[in-house]
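As stored in upload.csv (CSV, C-alpha atoms (C1' of nucleotides)):
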```csv
chain,number,residue,atom,x,y,z
X,1,MET,CA,-30.3,44.6,-37.9
X,2,HIS,CA,-30.2,41.1,-36.5
X,3,ARG,CA,-32.0,40.6,-33.2
X,4,ILE,CA,-29.8,38.8,-30.8
X,5,VAL,CA,-30.3,37.3,-27.3
X,6,PHE,CA,-26.9,36.9,-25.5
X,7,PHE,CA,-26.3,34.2,-22.9
X,8,GLY,CA,-23.1,34.6,-20.9
X,9,THR,CA,-21.7,35.0,-17.4
X,10,SER,CA,-17.9,35.1,-17.0
X,11,ASP,CA,-15.1,37.5,-17.9
X,12,PHE,CA,-14.5,35.5,-21.0
X,13,ALA,CA,-18.0,36.4,-22.3
X,14,VAL,CA,-17.7,40.1,-21.7
X,15,PRO,CA,-15.6,41.1,-24.8
X,16,HIS,CA,-17.9,39.0,-27.0
X,17,LEU,CA,-21.0,40.9,-25.7
X,18,GLU,CA,-19.2,44.2,-26.2
X,19,ALA,CA,-18.2,43.3,-29.7
X,20,LEU,CA,-21.8,42.6,-30.6
X,21,VAL,CA,-23.3,45.6,-28.9
X,22,GLN,CA,-20.9,47.9,-30.7
X,23,ASP,CA,-21.5,46.4,-34.1
X,24,SER,CA,-24.2,48.2,-36.1
X,25,ARG,CA,-25.2,44.9,-37.8
X,26,PHE,CA,-26.6,43.6,-34.5
X,27,HIS,CA,-29.2,44.5,-31.9
X,28,VAL,CA,-28.8,42.8,-28.6
X,29,VAL,CA,-32.3,42.8,-27.4
X,30,ALA,CA,-31.7,40.8,-24.2
X,31,VAL,CA,-28.9,39.5,-22.0
X,32,VAL,CA,-29.3,36.3,-19.9
X,33,THR,CA,-26.7,35.7,-17.2
X,34,GLN,CA,-26.4,33.7,-13.9
X,35,PRO,CA,-27.9,35.1,-10.7
X,36,ASP,CA,-25.8,37.1,-8.4
X,37,LYS,CA,-23.8,34.9,-6.1
X,38,PRO,CA,-22.1,35.4,-2.7
X,39,VAL,CA,-18.4,36.2,-3.2
X,40,GLY,CA,-15.5,37.1,-1.0
X,41,ARG,CA,-14.7,36.7,2.6
X,42,HIS,CA,-18.0,38.0,3.9
X,43,ALA,CA,-20.1,36.5,1.2
X,44,GLU,CA,-21.3,39.7,-0.4
X,45,LEU,CA,-23.8,39.2,-3.2
X,46,THR,CA,-21.9,40.0,-6.4
X,47,PRO,CA,-23.2,40.3,-9.9
X,48,PRO,CA,-21.4,38.3,-12.6
X,49,PRO,CA,-19.1,40.3,-15.0
X,50,VAL,CA,-21.6,40.0,-17.9
X,51,LYS,CA,-24.3,41.7,-15.8
X,52,ARG,CA,-22.0,44.6,-15.1
X,53,ALA,CA,-21.2,44.9,-18.8
X,54,ALA,CA,-24.9,44.7,-19.7
X,55,GLU,CA,-25.6,47.5,-17.2
X,56,ARG,CA,-23.0,49.7,-18.9
X,57,TYR,CA,-25.0,49.4,-22.1
X,58,THR,CA,-28.4,49.5,-20.3
X,59,LEU,CA,-29.4,46.2,-21.9
X,60,PRO,CA,-32.4,44.3,-20.6
X,61,THR,CA,-30.9,41.6,-18.4
X,62,PHE,CA,-32.4,38.4,-17.0
X,63,GLN,CA,-30.9,36.2,-14.3
X,64,PRO,CA,-33.2,33.2,-14.1
X,65,GLU,CA,-32.6,30.5,-11.5
X,66,LYS,CA,-34.2,28.1,-13.8
X,67,LEU,CA,-34.2,28.5,-17.6
X,68,SER,CA,-37.9,27.7,-17.7
X,69,GLU,CA,-38.5,31.1,-16.3
X,70,LEU,CA,-37.4,32.6,-19.7
X,71,ASN,CA,-40.3,30.9,-21.5
X,72,SER,CA,-42.6,34.0,-21.4
X,73,ILE,CA,-40.0,36.7,-20.7
X,74,LEU,CA,-37.7,36.8,-23.7
X,75,PRO,CA,-38.5,39.3,-26.4
X,76,PRO,CA,-40.1,37.9,-29.5
X,77,ASP,CA,-38.8,37.6,-33.1
X,78,LEU,CA,-35.3,36.6,-32.1
X,79,ASP,CA,-33.0,36.0,-35.1
X,80,VAL,CA,-30.3,34.1,-33.2
X,81,GLY,CA,-29.0,33.4,-29.7
X,82,VAL,CA,-25.3,33.6,-28.8
X,83,VAL,CA,-23.9,31.6,-25.9
X,84,VAL,CA,-20.4,32.4,-24.4
X,85,SER,CA,-19.4,30.8,-21.1
X,86,TYR,CA,-22.9,30.9,-19.7
X,87,GLY,CA,-22.6,28.1,-17.2
X,88,LYS,CA,-25.7,26.1,-17.9
X,89,ILE,CA,-26.8,23.7,-20.7
X,90,LEU,CA,-29.7,25.1,-22.7
X,91,PRO,CA,-32.6,22.8,-23.2
X,92,PRO,CA,-34.0,21.9,-26.7
X,93,TRP,CA,-37.1,24.1,-26.5
X,94,LEU,CA,-34.9,27.1,-25.8
X,95,LEU,CA,-32.4,26.3,-28.6
X,96,GLU,CA,-35.3,26.4,-31.0
X,97,LEU,CA,-36.7,29.7,-29.9
X,98,PRO,CA,-34.6,32.0,-32.1
X,99,ALA,CA,-35.2,31.6,-35.8
X,100,ARG,CA,-31.6,30.5,-36.6
X,101,GLY,CA,-30.9,28.7,-33.4
X,102,PHE,CA,-27.8,29.4,-31.2
X,103,VAL,CA,-24.2,30.1,-31.9
X,104,ASN,CA,-21.5,29.4,-29.4
X,105,VAL,CA,-17.9,30.5,-28.9
X,106,HIS,CA,-15.6,27.8,-27.3
X,107,ALA,CA,-12.1,28.4,-26.1
X,108,SER,CA,-10.4,25.5,-28.0
X,109,LEU,CA,-10.0,24.1,-31.5
X,110,LEU,CA,-12.9,21.7,-31.5
X,111,PRO,CA,-13.3,18.8,-31.4
X,112,ARG,CA,-10.3,19.0,-29.0
X,113,TRP,CA,-11.1,19.9,-25.4
X,114,ARG,CA,-14.9,19.7,-25.3
X,115,GLY,CA,-16.1,20.7,-21.8
X,116,PRO,CA,-15.9,23.4,-19.3
X,117,SER,CA,-12.1,24.0,-18.9
X,118,PRO,CA,-10.5,23.9,-22.4
X,119,ILE,CA,-7.9,26.6,-21.7
X,120,HIS,CA,-6.6,24.9,-18.6
X,121,ALA,CA,-6.6,21.6,-20.3
X,122,ALA,CA,-4.6,22.8,-23.3
X,123,ILE,CA,-1.8,24.2,-21.2
X,124,ALA,CA,-1.7,21.4,-18.8
X,125,ALA,CA,-1.6,18.8,-21.6
X,126,GLY,CA,1.4,20.6,-23.2
X,127,ASP,CA,-0.5,21.6,-26.4
X,128,THR,CA,1.6,24.0,-28.5
X,129,HIS,CA,-1.4,25.3,-30.3
X,130,THR,CA,-5.0,26.2,-29.5
X,131,GLY,CA,-7.6,28.7,-30.4
X,132,VAL,CA,-11.3,29.6,-30.4
X,133,THR,CA,-14.1,27.9,-32.3
X,134,VAL,CA,-17.4,29.5,-33.4
X,135,MET,CA,-20.0,26.8,-33.8
X,136,LYS,CA,-23.7,26.1,-33.9
X,137,LEU,CA,-25.2,24.7,-30.8
X,138,ASP,CA,-26.8,21.3,-31.0
X,139,GLU,CA,-28.1,18.9,-28.4
X,140,ALA,CA,-24.8,17.6,-27.2
X,141,MET,CA,-22.1,19.5,-25.3
X,142,ASP,CA,-19.6,21.3,-27.7
X,143,HIS,CA,-20.7,18.9,-30.4
X,144,GLY,CA,-22.3,21.1,-33.0
X,145,PRO,CA,-21.0,22.0,-36.5
X,146,ILE,CA,-18.2,24.5,-36.8
X,147,LEU,CA,-18.6,27.9,-38.5
X,148,ALA,CA,-15.1,29.2,-38.0
X,149,THR,CA,-11.9,28.9,-35.9
X,150,ASP,CA,-8.9,31.1,-35.1
X,151,GLY,CA,-5.6,29.7,-33.8
X,152,THR,CA,-2.7,30.8,-31.6
X,153,SER,CA,0.4,29.3,-30.2
X,154,ILE,CA,0.7,28.4,-26.6
X,155,LEU,CA,3.9,30.0,-25.2
X,156,ASP,CA,6.1,28.6,-22.4
X,157,THR,CA,5.2,31.7,-20.5
X,158,ASP,CA,1.5,31.4,-21.0
X,159,THR,CA,-0.7,31.0,-17.9
X,160,GLY,CA,-4.4,30.2,-17.7
X,161,GLY,CA,-4.9,33.9,-17.3
X,162,SER,CA,-2.9,35.2,-20.2
X,163,LEU,CA,-4.3,32.6,-22.6
X,164,HIS,CA,-7.8,33.3,-21.4
X,165,ASP,CA,-7.5,36.9,-22.2
X,166,ARG,CA,-5.9,36.3,-25.6
X,167,LEU,CA,-8.6,33.8,-26.6
X,168,ALA,CA,-11.3,36.1,-25.4
X,169,GLY,CA,-10.0,38.8,-27.6
X,170,MET,CA,-9.7,36.5,-30.6
X,171,GLY,CA,-13.2,35.2,-30.1
X,172,ALA,CA,-14.6,38.7,-29.8
X,173,THR,CA,-12.9,39.7,-33.0
X,174,LEU,CA,-14.0,36.7,-34.9
X,175,LEU,CA,-17.6,36.4,-33.7
X,176,PRO,CA,-19.3,39.4,-35.3
X,177,ASN,CA,-18.2,38.7,-38.9
X,178,ILE,CA,-18.9,35.0,-38.6
X,179,LEU,CA,-22.2,35.5,-37.0
X,180,ASP,CA,-23.2,38.0,-39.8
X,181,GLY,CA,-21.9,35.5,-42.4
X,182,TYR,CA,-24.0,32.7,-40.8
X,183,LEU,CA,-27.1,34.8,-40.7
X,184,SER,CA,-26.8,35.9,-44.3
X,185,GLY,CA,-26.1,32.4,-45.5
X,186,LYS,CA,-22.5,33.1,-46.6
X,187,THR,CA,-20.9,31.0,-43.8
X,188,GLY,CA,-21.9,27.4,-43.7
X,189,PRO,CA,-21.4,24.9,-40.8
X,190,THR,CA,-18.9,22.0,-41.0
X,191,THR,CA,-19.6,18.9,-39.0
X,192,GLN,CA,-16.9,18.1,-36.4
X,193,ASP,CA,-14.8,15.0,-36.7
X,194,HIS,CA,-16.3,13.3,-33.6
X,195,THR,CA,-13.7,10.5,-33.6
X,196,LYS,CA,-11.0,13.1,-32.6
X,197,ALA,CA,-12.9,14.5,-29.7
X,198,THR,CA,-11.2,14.9,-26.4
X,199,TYR,CA,-12.8,16.1,-23.2
X,200,CYS,CA,-11.9,18.2,-20.1
X,201,LYS,CA,-13.6,18.3,-16.7
X,202,ILE,CA,-14.9,21.1,-14.5
X,203,LEU,CA,-12.1,22.2,-12.2
X,204,THR,CA,-12.3,22.9,-8.4
X,205,ARG,CA,-9.8,24.1,-5.9
X,206,GLU,CA,-9.2,20.5,-5.0
X,207,ASN,CA,-7.9,19.8,-8.5
X,208,GLY,CA,-5.1,22.3,-7.7
X,209,LYS,CA,-3.4,20.0,-5.2
X,210,ILE,CA,-0.1,19.1,-6.7
X,211,ASP,CA,0.7,15.4,-7.3
X,212,TRP,CA,4.4,15.2,-6.8
X,213,PHE,CA,4.6,11.9,-8.6
X,214,LYS,CA,4.0,13.7,-11.8
X,215,THR,CA,7.1,14.9,-13.6
X,216,ALA,CA,8.5,18.4,-13.2
X,217,HIS,CA,7.3,19.2,-16.7
X,218,GLU,CA,3.7,18.2,-15.9
X,219,ILE,CA,3.7,20.0,-12.6
X,220,GLU,CA,5.2,23.2,-14.2
X,221,ARG,CA,2.5,23.1,-16.8
X,222,GLN,CA,-0.2,22.6,-14.2
X,223,VAL,CA,1.0,25.5,-12.1
X,224,ARG,CA,0.8,27.8,-15.2
X,225,ALA,CA,-2.5,26.4,-16.4
X,226,TYR,CA,-4.2,26.8,-13.1
X,227,ASP,CA,-3.0,30.4,-12.6
X,228,PRO,CA,-4.9,32.4,-11.5
X,229,TRP,CA,-7.7,29.9,-11.0
X,230,PRO,CA,-8.1,27.4,-9.4
X,231,GLY,CA,-4.5,27.8,-8.3
X,232,SER,CA,-2.0,25.1,-7.3
X,233,TRP,CA,-1.1,24.1,-3.8
X,234,THR,CA,0.5,21.5,-1.5
X,235,GLU,CA,0.3,20.6,2.2
X,236,LEU,CA,3.1,21.7,4.5
X,237,SER,CA,3.0,21.3,8.2
X,238,GLY,CA,-0.8,20.7,8.0
X,239,LYS,CA,-1.3,24.0,6.3
X,240,ARG,CA,-1.9,24.9,2.7
X,241,LEU,CA,0.9,26.4,0.7
X,242,LYS,CA,-0.2,28.1,-2.5
X,243,ILE,CA,2.3,27.6,-5.3
X,244,LEU,CA,2.2,30.5,-7.7
X,245,ALA,CA,5.2,29.8,-9.9
X,246,VAL,CA,7.8,27.0,-10.3
X,247,LYS,CA,10.8,26.3,-12.5
X,248,ILE,CA,12.1,23.0,-13.7
X,249,ARG,CA,15.5,22.2,-12.2
X,250,PRO,CA,18.2,19.6,-13.0
X,251,ASN,CA,17.2,16.0,-12.5
X,252,ASN,CA,18.3,14.5,-9.2
X,253,ALA,CA,17.0,11.0,-8.6
X,254,SER,CA,18.2,11.0,-5.0
X,255,PHE,CA,15.1,12.9,-4.0
X,256,SER,CA,11.8,11.1,-4.0
X,257,PRO,CA,8.6,12.7,-5.2
X,258,GLY,CA,7.4,15.3,-2.7
X,259,GLN,CA,10.7,15.4,-0.8
X,260,ARG,CA,11.8,18.9,0.1
X,261,PHE,CA,15.4,20.1,-0.2
X,262,VAL,CA,17.4,23.3,-0.7
X,263,TRP,CA,19.1,23.9,-4.0
X,264,LYS,CA,21.2,27.0,-4.4
X,265,LYS,CA,19.4,28.5,-1.4
X,266,ARG,CA,16.1,27.9,-3.0
X,267,PRO,CA,13.2,25.7,-2.0
X,268,THR,CA,13.1,22.7,-4.3
X,269,VAL,CA,11.0,19.6,-4.4
X,270,GLY,CA,11.5,16.2,-5.9
X,271,CYS,CA,9.0,15.1,-8.6
X,272,GLY,CA,8.4,11.9,-10.6
X,273,GLN,CA,11.1,10.1,-12.5
X,274,GLY,CA,13.9,11.9,-10.8
X,275,THR,CA,12.9,15.4,-11.9
X,276,THR,CA,12.8,18.4,-9.6
X,277,VAL,CA,11.1,21.8,-9.5
X,278,GLU,CA,12.1,25.0,-7.6
X,279,LEU,CA,9.3,26.8,-5.9
X,280,VAL,CA,9.8,30.3,-7.3
X,281,THR,CA,6.8,32.1,-5.8
X,282,VAL,CA,4.6,30.8,-3.0
X,283,GLN,CA,1.9,32.0,-0.6
X,284,PRO,CA,1.5,30.6,2.9
X,285,GLU,CA,-1.9,30.8,4.6
X,286,GLY,CA,-2.5,34.2,5.9
X,287,LYS,CA,0.5,35.7,4.1
X,288,LYS,CA,1.1,37.6,1.0
X,289,PRO,CA,2.8,36.0,-2.0
X,290,MET,CA,6.6,35.8,-1.6
X,291,SER,CA,9.6,34.4,-3.4
X,292,GLY,CA,10.8,30.9,-2.5
X,293,GLU,CA,14.0,32.4,-1.0
X,294,GLU,CA,12.0,34.7,1.3
X,295,PHE,CA,9.8,31.8,2.3
X,296,ILE,CA,12.8,29.7,3.3
X,297,ARG,CA,14.3,32.4,5.4
X,298,GLY,CA,12.1,32.5,8.4
X,299,ASN,CA,10.9,29.0,7.9
X,300,LYS,CA,12.3,26.1,10.0
X,301,THR,CA,10.2,23.2,8.8
X,302,TRP,CA,11.3,23.2,5.2
X,303,SER,CA,14.6,21.3,5.6
X,304,GLU,CA,14.8,18.9,8.5
A,1,C,C1',-22.1,38.9,13.0
A,2,G,C1',-19.5,31.8,8.4
A,3,C,C1',-14.2,29.4,10.1
A,4,G,C1',-9.0,30.8,10.7
A,5,G,C1',-3.9,33.1,10.3
A,6,G,C1',-1.2,37.7,10.6
A,7,A,C1',0.9,43.1,11.5
A,8,U,C1',8.4,43.7,15.2
A,9,A,C1',14.7,47.2,10.5
A,10,G,C1',14.0,47.6,3.1
A,11,A,C1',12.3,41.7,2.8
A,12,G,C1',11.3,37.0,5.4
A,13,C,C1',11.0,35.6,10.5
A,14,A,C1',12.2,34.8,16.2
A,15,G,C1',11.1,37.0,20.8
A,16,U,C1',10.7,31.9,26.3
A,17,U,C1',7.5,32.9,33.2
A,18,G,C1',6.4,41.1,31.5
A,19,G,C1',13.0,43.3,32.7
A,20,C,C1',18.4,47.1,27.7
A,21,A,C1',14.7,44.5,20.7
A,22,G,C1',17.3,39.7,17.9
A,23,C,C1',18.2,36.2,13.5
A,24,U,C1',18.7,35.4,8.1
A,25,C,C1',18.8,38.2,3.6
A,26,G,C1',19.4,42.9,1.5
A,27,C,C1',21.8,47.8,1.8
A,28,C,C1',26.6,51.0,3.0
A,29,A,C1',32.0,50.9,3.9
A,30,G,C1',36.5,48.1,3.9
A,31,G,C1',39.2,43.4,3.2
A,32,C,C1',40.3,38.7,0.7
A,33,C,C1',40.4,36.7,-4.4
A,34,C,C1',42.0,35.9,-11.4
A,35,A,C1',36.9,36.5,-10.2
A,36,U,C1',32.0,35.9,-7.7
A,37,A,C1',25.4,35.7,-6.0
A,38,A,C1',31.2,32.8,-2.1
A,39,C,C1',34.1,34.2,2.4
A,40,C,C1',36.0,37.9,6.5
A,41,U,C1',35.5,42.8,9.3
A,42,G,C1',32.9,47.1,10.5
A,43,G,C1',28.3,50.1,9.9
A,44,A,C1',23.5,52.4,9.0
A,45,G,C1',18.5,51.3,9.6
A,46,G,C1',12.8,49.9,14.4
A,47,U,C1',7.2,55.4,17.1
A,48,C,C1',7.4,46.6,17.9
A,49,G,C1',-0.1,48.5,13.0
A,50,C,C1',-3.4,52.5,15.9
A,51,C,C1',-5.9,54.1,20.6
A,52,G,C1',-6.7,53.4,25.7
A,53,G,C1',-5.9,50.3,30.3
A,54,U,C1',-3.0,47.3,34.2
A,55,U,C1',2.2,47.8,36.0
A,56,C,C1',8.0,50.5,39.0
A,57,G,C1',8.4,48.6,34.0
A,58,A,C1',4.4,46.1,28.2
A,59,G,C1',6.6,43.6,21.7
A,60,U,C1',4.8,40.4,25.7
A,61,C,C1',-1.2,41.0,29.9
A,62,C,C1',-6.5,43.4,29.2
A,63,G,C1',-10.2,46.2,26.1
A,64,G,C1',-11.4,48.7,21.5
A,65,C,C1',-10.0,50.1,16.3
A,66,U,C1',-7.6,49.8,11.3
A,67,C,C1',-5.4,47.1,7.6
A,68,C,C1',-3.5,42.3,5.0
A,69,C,C1',-4.3,37.2,3.9
A,70,G,C1',-5.9,31.6,3.8
A,71,C,C1',-10.5,28.5,3.8
A,72,A,C1',-15.5,28.2,2.8
A,73,A,C1',-19.5,29.9,-0.4
```
Now, as a test, write the supplied structure out as structure tokens.
Amino acid sequence: MHRIVFFGTSDFAVPHLEALVQDSRFHVVAVVTQPDKPVGRHAELTPPPVKRAAERYTLPTFQPEKLSELNSILPPDLDVGVVVSYGKILPPWLLELPARGFVNVHASLLPRWRGPSPIHAAIAAGDTHTGVTVMKLDEAMDHGPILATDGTSILDTDTGGSLHDRLAGMGATLLPNILDGYLSGKTGPTTQDHTKATYCKILTRENGKIDWFKTAHEIERQVRAYDPWPGSWTELSGKRLKILAVKIRPNNASFSPGQRFVWKKRPTVGCGQGTTVELVTVQPEGKKPMSGEEFIRGNKTWSE
RNA sequence: CGCGGGAUAGAGCAGUUGGCAGCUCGCCAGGCCCAUAACCUGGAGGUCGCCGGUUCGAGUCCGGCUCCCGCAA
């Protein structure tokens, strides 16, 4: 059995951990994840998803604030490390600790969309195809040689959430066999074509603010890409209006970007280049999500 | 005790200085029409989140409680 140390934090990492734990070829000797963080309206300390999963399998778990703490803690004789959505960059000394280094699962077809938000980036950019990449970790972010990939189409109905779940499943299915192949020497790494690399940035809630000068198509893709996180929103009467779903509507150049109007009884907004989108589902501050038509009903500030 | 919004008909909202509880949509019945999510007429549907207080009288004022949500982290 191969002795593995698993680094991961988010929901995306959980199926990967489970796949390795349930595979008799591997022995997960330790799990490293981010420390518990305050979450929710009253800032309750909450463990990350991977910690919960590790507890279900009673795996030794470490939550170092600084990776240097791991120096003397990790079990010896590690064959390989696996990193999936851990949230920190691993320093060189750590990468060299396991005999065969570290393997990473990334939610894009590298070298496209290196960085922390590949799923969002692929949908927002209008990519029709994406996938997961299993690669060897090297010193640069998402830069190492590729062991395997698996692809999927991006549907018009895909959201950040649906694609996230699909890719997580694909990665978890792909990882065990590729990892075994790598460790037994059957699967060799292929250097990335670095000239084709593209990059995505880390997202915050601020990034969810809709730029109405973009076209309806761009905005529609953003709303889907950022659902459920970080979400999309706009300002209305000094308050934030979450926008959960939009539909592209017929062009109408008489409305300028950001201009609100009513189309077939539905709230609609002008976008860039004469395009328009209908707000299908919205959520005002302090309210539950509601349809655009419902939102219009009791609302006097929409059309002036 | 991090900041803030909210709870009124099935849904979304209004309710002014306390004085018979309203609007839009939906629903039911009927009408108009080639037809309709359009239009017209009529109708059903509410312990105003819960408990207590002030008052001749509380959706409205006071105190407490429960639940929902936005921000922040």
In Å and to one decimal, CA of Pro48 (chain X) is distant from CA of Arg100 (chain X) by 27.2 Å
Return as an MDAnalysis selection string the residues belonging to chain X that are within 8 Å of chain A, counting all atoms listed in the file.
chainID X and resid 38:39 42:43 240 284:288 294:299
For CA of Gly270 (chain X) and CA of Trp233 (chain X), the interatomic separation in Å (one decimal)
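Separating CA of Gly270 (chain X) from CA of Trp233 (chain X) is a distance of 15.0 Å.
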C1' of A9 (chain A) and C1' of G45 (chain A) are how many Å apart?
5.7 Å
Please put the answer as JSON: centre and edge lengths, in Å with one decimal, of a box along x, y and z that encloses all listed atoms of region 44-56 of chain A plus 8 Å on each side.
```
{"center_x": 8.4, "center_y": 51.0, "center_z": 24.0, "size_x": 46.2, "size_y": 24.8, "size_z": 46.0}
```
So which residues touch Pro47 (chain X) within 7 Å, counting all atoms listed in the file, skipping near sequence neighbours fewer than 5 positions away, as a list in words?
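Residues meeting the cut-off are Asp36, Lys37 and Arg52 of chain X.
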Between X:Pro116, X:Pro64, X:Gly292, X:Gly151, single out the one closest to Leu279 (chain X), counting only C-alpha atoms.
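Among the listed residues, X:Gly292 lies closest to Leu279 (chain X).
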Taking (-21.0, 32.0, -24.1) in the file's coordinates, which residues come within 12 Å, counting only C-alpha atoms (C1' of nucleotides), written as a PyMOL selection string?
chain X and resi 5-17+31-34+50+81-90+102-107+116+132-137+142+168+171-172+175
Nearby residues (only C-alpha atoms (C1' of nucleotides)) at most 9 Å from His129 (chain X), same-chain spacing under 6 positions excluded, as an MDAnalysis selection string
chainID X and resid 109 122 151:155
Around (14.5, 21.5, -4.4) in the file's own coordinates, what residues are found within 12 Å if you use only C-alpha atoms (C1' of nucleotides), given back as a PyMOL selection string?
chain X and resi 216+246-271+274-280+292-293+296+302-303
Generate a file of the selected residues that holds C-alpha atoms, formatted as a compact mmCIF listing (two decimals), in the coordinates of the input.
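Saved result, out-v4.txt, follows:
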```txt
# COMPACT_ATOMS: atom_id res chain seq x y z
CA ALA X 216 8.50 18.40 -13.20
CA VAL X 246 7.80 27.00 -10.30
CA LYS X 247 10.80 26.30 -12.50
CA ILE X 248 12.10 23.00 -13.70
CA ARG X 249 15.50 22.20 -12.20
CA PRO X 250 18.20 19.60 -13.00
CA ASN X 251 17.20 16.00 -12.50
CA ASN X 252 18.30 14.50 -9.20
CA ALA X 253 17.00 11.00 -8.60
CA SER X 254 18.20 11.00 -5.00
CA PHE X 255 15.10 12.90 -4.00
CA SER X 256 11.80 11.10 -4.00
CA PRO X 257 8.60 12.70 -5.20
CA GLY X 258 7.40 15.30 -2.70
CA GLN X 259 10.70 15.40 -0.80
CA ARG X 260 11.80 18.90 0.10
CA PHE X 261 15.40 20.10 -0.20
CA VAL X 262 17.40 23.30 -0.70
CA TRP X 263 19.10 23.90 -4.00
CA LYS X 264 21.20 27.00 -4.40
CA LYS X 265 19.40 28.50 -1.40
CA ARG X 266 16.10 27.90 -3.00
CA PRO X 267 13.20 25.70 -2.00
CA THR X 268 13.10 22.70 -4.30
CA VAL X 269 11.00 19.60 -4.40
CA GLY X 270 11.50 16.20 -5.90
CA CYS X 271 9.00 15.10 -8.60
CA GLY X 274 13.90 11.90 -10.80
CA THR X 275 12.90 15.40 -11.90
CA THR X 276 12.80 18.40 -9.60
CA VAL X 277 11.10 21.80 -9.50
CA GLU X 278 12.10 25.00 -7.60
CA LEU X 279 9.30 26.80 -5.90
CA VAL X 280 9.80 30.30 -7.30
CA GLY X 292 10.80 30.90 -2.50
CA GLU X 293 14.00 32.40 -1.00
CA ILE X 296 12.80 29.70 3.30
CA TRP X 302 11.30 23.20 5.20
CA SER X 303 14.60 21.30 5.60
```
If we count all atoms listed in the file, what is near Leu244 (chain X) at a cut-off of 8 Å, once residues fewer than 4 positions away on the same chain are taken out, given as a VMD selection string?
chain X and resid 223 227 231 to 232 280 to 283 289
Nearest residue to Met141 (chain X) out of X:Ala245, X:Leu94, X:Leu110, X:Ala53, using only C-alpha atoms?
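Selected residue with least distance to Met141 (chain X): X:Leu110.
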Using only C-alpha atoms (C1' of nucleotides), determine which residues lie at most 7 Å from region 48-63 of chain A, disregarding the query and same-chain residues fewer than 6 positions distant; provide the list as a list in words.
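That gives A7, U8 and G18 of chain A.
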Save the residues we just selected, C-alpha atoms (C1' of nucleotides), as a PDB file, in the frame of the given file?
```
ATOM      1  C1'   A A   7       0.900  43.100  11.500  1.00  0.00           C
ATOM      2  C1'   U A   8       8.400  43.700  15.200  1.00  0.00           C
ATOM      3  C1'   G A  18       6.400  41.100  31.500  1.00  0.00           C
TER       4        G A  18
END
```
Which residue out of X:Gly169, X:Gly160, X:Pro118, X:Pro189 has the minimum interatomic distance to Leu147 (chain X) when all atoms listed in the file are used?
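Comparing X:Gly169, X:Gly160, X:Pro118, X:Pro189 against Leu147 (chain X), the winner is X:Pro189.
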